[in-house]
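Just below is one structure, and these are the notes that go with it.
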Amino acid sequence: MGEWPDNPPLQGFNPHGISARPDLNLMVTSDFINPVSTLNVYPGDPELRSSIRVWDLDKRTILRTVEIPGAVGLMDVRMIPGDPLDALSQQECSTDSCT
């Protein structure tokens, strides 16, 4: 039992959706909302998140964070079971886009 990663990102880290492919040693999580922003004492609108985090499943470390432009709160994320192209781990990502 534990919490990972050992040193979580300081901004925007609130895993909501989760999917894993142990055969590829990969896990993905999606960040949905800043929980404190849903309280009635918090000024302003709820802060929705728009990132997906790709993890090394065995090490429980984040390999990369992918910001999804235009996303409004990512509640779930799924890896495709048995995907022969292994598309997620083959992506090349920059701060602006993934190809």
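Each chain in the structure tokens gets a letter, A, B and so on, in the order shown; residues start at 1 in every chain, and ligands are counted from 1 in the order they appear.
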Per residue of stretch 48-71 of chain A within 9 Å of stretch 7-17 of chain A, record the nearest atom pair and its distance in Å to one decimal, counting only C-alpha atoms, with rows in chain order and ascending residue number, as CSV.
```
residue,atom,partner,partner_atom,distance
A:Arg49,CA,A:Gly12,CA,6.7
A:Ser50,CA,A:Gly12,CA,8.7
A:Ser51,CA,A:Gly12,CA,8.1
A:Ile52,CA,A:Pro15,CA,8.8
A:Arg53,CA,A:Pro15,CA,8.6
A:Ile62,CA,A:Pro8,CA,8.7
```
Legend entry - A:Arg78 surroundings by only C-alpha atoms, 9 Å radius, close-in-sequence under 4 positions cut, as an NGL selection string: :A and (17-20 or 28-29)
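For stretch 19-92 of chain A, the set of residues given alpha helix (DSSP H) by DSSP on the backbone reads A:Ala87, A:Leu88, A:Ser89, A:Gln90.
Restricting the calculation to only C-alpha atoms, the smallest distance between A:Pro35 and any of A:Asp6, A:Glu47, A:Asp83, A:Asp76 is found for A:Glu47.
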Legend entry - atom CA of A:Val72 to atom CA of A:Pro46, distance in Å rounded to a single decimal: 10.8 Å
Legend entry - Nearest-residue call for A:Ile33, choices A:Gly2, A:Thr65, A:Met75, A:Val54, using only C-alpha atoms: A:Met75
Inset, instruction - Run DSSP on the backbone of this structure and report the residues of stretch 2-85 of chain A it assigns to strand (DSSP E or B), as number ranges by chain. - result: A: 15-21, 26-33, 48-56, 61-67
Written file, previous selection with N, CA and C atoms, as an mmCIF file, in the first residue's frame:
```
data_model
loop_
_atom_site.group_PDB
_atom_site.id
_atom_site.type_symbol
_atom_site.label_atom_id
_atom_site.label_comp_id
_atom_site.auth_asym_id
_atom_site.auth_seq_id
_atom_site.Cartn_x
_atom_site.Cartn_y
_atom_site.Cartn_z
ATOM 1 N N PRO A 15 -5.109 12.736 -10.051
ATOM 2 C CA PRO A 15 -5.515 11.609 -10.895
ATOM 3 C C PRO A 15 -6.970 11.214 -10.679
ATOM 4 N N HIS A 16 -7.655 11.013 -11.782
ATOM 5 C CA HIS A 16 -9.068 10.647 -11.729
ATOM 6 C C HIS A 16 -9.288 9.347 -12.500
ATOM 7 N N GLY A 17 -9.092 9.402 -13.817
ATOM 8 C CA GLY A 17 -9.192 8.191 -14.623
ATOM 9 C C GLY A 17 -7.882 7.427 -14.564
ATOM 10 N N ILE A 18 -7.953 6.105 -14.740
ATOM 11 C CA ILE A 18 -6.743 5.287 -14.707
ATOM 12 C C ILE A 18 -6.928 4.081 -15.625
ATOM 13 N N SER A 19 -5.851 3.737 -16.308
ATOM 14 C CA SER A 19 -5.847 2.541 -17.159
ATOM 15 C C SER A 19 -4.418 2.014 -17.185
ATOM 16 N N ALA A 20 -4.263 0.696 -17.194
ATOM 17 C CA ALA A 20 -2.929 0.104 -17.161
ATOM 18 C C ALA A 20 -2.793 -1.018 -18.174
ATOM 19 N N ARG A 21 -1.587 -1.159 -18.684
ATOM 20 C CA ARG A 21 -1.195 -2.282 -19.549
ATOM 21 C C ARG A 21 0.065 -2.897 -18.944
ATOM 22 N N LEU A 26 3.057 0.044 -18.668
ATOM 23 C CA LEU A 26 2.543 1.406 -18.784
ATOM 24 C C LEU A 26 1.227 1.563 -18.032
ATOM 25 N N MET A 27 1.053 2.748 -17.485
ATOM 26 C CA MET A 27 -0.205 3.139 -16.883
ATOM 27 C C MET A 27 -0.453 4.585 -17.308
ATOM 28 N N VAL A 28 -1.709 4.949 -17.482
ATOM 29 C CA VAL A 28 -2.063 6.334 -17.774
ATOM 30 C C VAL A 28 -3.117 6.788 -16.775
ATOM 31 N N THR A 29 -3.027 8.052 -16.394
ATOM 32 C CA THR A 29 -4.034 8.656 -15.540
ATOM 33 C C THR A 29 -4.450 9.978 -16.166
ATOM 34 N N SER A 30 -5.658 10.398 -15.860
ATOM 35 C CA SER A 30 -6.123 11.701 -16.338
ATOM 36 C C SER A 30 -6.414 12.589 -15.132
ATOM 37 N N ASP A 31 -6.132 13.871 -15.294
ATOM 38 C CA ASP A 31 -6.421 14.853 -14.253
ATOM 39 C C ASP A 31 -7.738 15.529 -14.598
ATOM 40 N N PHE A 32 -8.681 15.544 -13.648
ATOM 41 C CA PHE A 32 -10.032 16.019 -13.914
ATOM 42 C C PHE A 32 -10.292 17.424 -13.385
ATOM 43 N N ILE A 33 -10.121 17.621 -12.088
ATOM 44 C CA ILE A 33 -10.524 18.891 -11.478
ATOM 45 C C ILE A 33 -9.674 19.162 -10.236
ATOM 46 N N LEU A 48 -10.995 23.029 -14.000
ATOM 47 C CA LEU A 48 -10.933 21.746 -14.694
ATOM 48 C C LEU A 48 -9.525 21.510 -15.219
ATOM 49 N N ARG A 49 -9.115 20.259 -15.227
ATOM 50 C CA ARG A 49 -7.772 19.863 -15.665
ATOM 51 C C ARG A 49 -7.826 19.277 -17.073
ATOM 52 N N SER A 50 -6.682 19.296 -17.737
ATOM 53 C CA SER A 50 -6.658 18.814 -19.128
ATOM 54 C C SER A 50 -5.377 18.049 -19.440
ATOM 55 N N SER A 51 -4.910 17.240 -18.501
ATOM 56 C CA SER A 51 -3.661 16.520 -18.753
ATOM 57 C C SER A 51 -3.823 15.020 -18.561
ATOM 58 N N ILE A 52 -2.991 14.302 -19.298
ATOM 59 C CA ILE A 52 -2.863 12.855 -19.174
ATOM 60 C C ILE A 52 -1.425 12.588 -18.762
ATOM 61 N N ARG A 53 -1.245 11.703 -17.813
ATOM 62 C CA ARG A 53 0.100 11.356 -17.341
ATOM 63 C C ARG A 53 0.393 9.911 -17.725
ATOM 64 N N VAL A 54 1.562 9.701 -18.295
ATOM 65 C CA VAL A 54 2.018 8.372 -18.702
ATOM 66 C C VAL A 54 3.042 7.915 -17.658
ATOM 67 N N TRP A 55 2.816 6.728 -17.106
ATOM 68 C CA TRP A 55 3.618 6.220 -15.999
ATOM 69 C C TRP A 55 4.409 4.976 -16.381
ATOM 70 N N ASP A 56 5.562 4.802 -15.746
ATOM 71 C CA ASP A 56 6.265 3.530 -15.703
ATOM 72 C C ASP A 56 5.569 2.758 -14.585
ATOM 73 N N THR A 61 6.505 5.796 -11.511
ATOM 74 C CA THR A 61 7.005 7.140 -11.789
ATOM 75 C C THR A 61 6.342 7.680 -13.050
ATOM 76 N N ILE A 62 6.197 8.990 -13.114
ATOM 77 C CA ILE A 62 5.603 9.630 -14.288
ATOM 78 C C ILE A 62 6.684 9.808 -15.348
ATOM 79 N N LEU A 63 6.417 9.262 -16.533
ATOM 80 C CA LEU A 63 7.356 9.388 -17.648
ATOM 81 C C LEU A 63 7.168 10.699 -18.399
ATOM 82 N N ARG A 64 5.913 11.093 -18.583
ATOM 83 C CA ARG A 64 5.618 12.348 -19.276
ATOM 84 C C ARG A 64 4.192 12.785 -18.976
ATOM 85 N N THR A 65 3.979 14.074 -19.158
ATOM 86 C CA THR A 65 2.661 14.670 -19.014
ATOM 87 C C THR A 65 2.269 15.258 -20.351
ATOM 88 N N VAL A 66 1.083 14.929 -20.807
ATOM 89 C CA VAL A 66 0.581 15.402 -22.092
ATOM 90 C C VAL A 66 -0.611 16.309 -21.825
ATOM 91 N N GLU A 67 -0.506 17.576 -22.189
ATOM 92 C CA GLU A 67 -1.623 18.512 -22.075
ATOM 93 C C GLU A 67 -2.499 18.364 -23.319
#
```
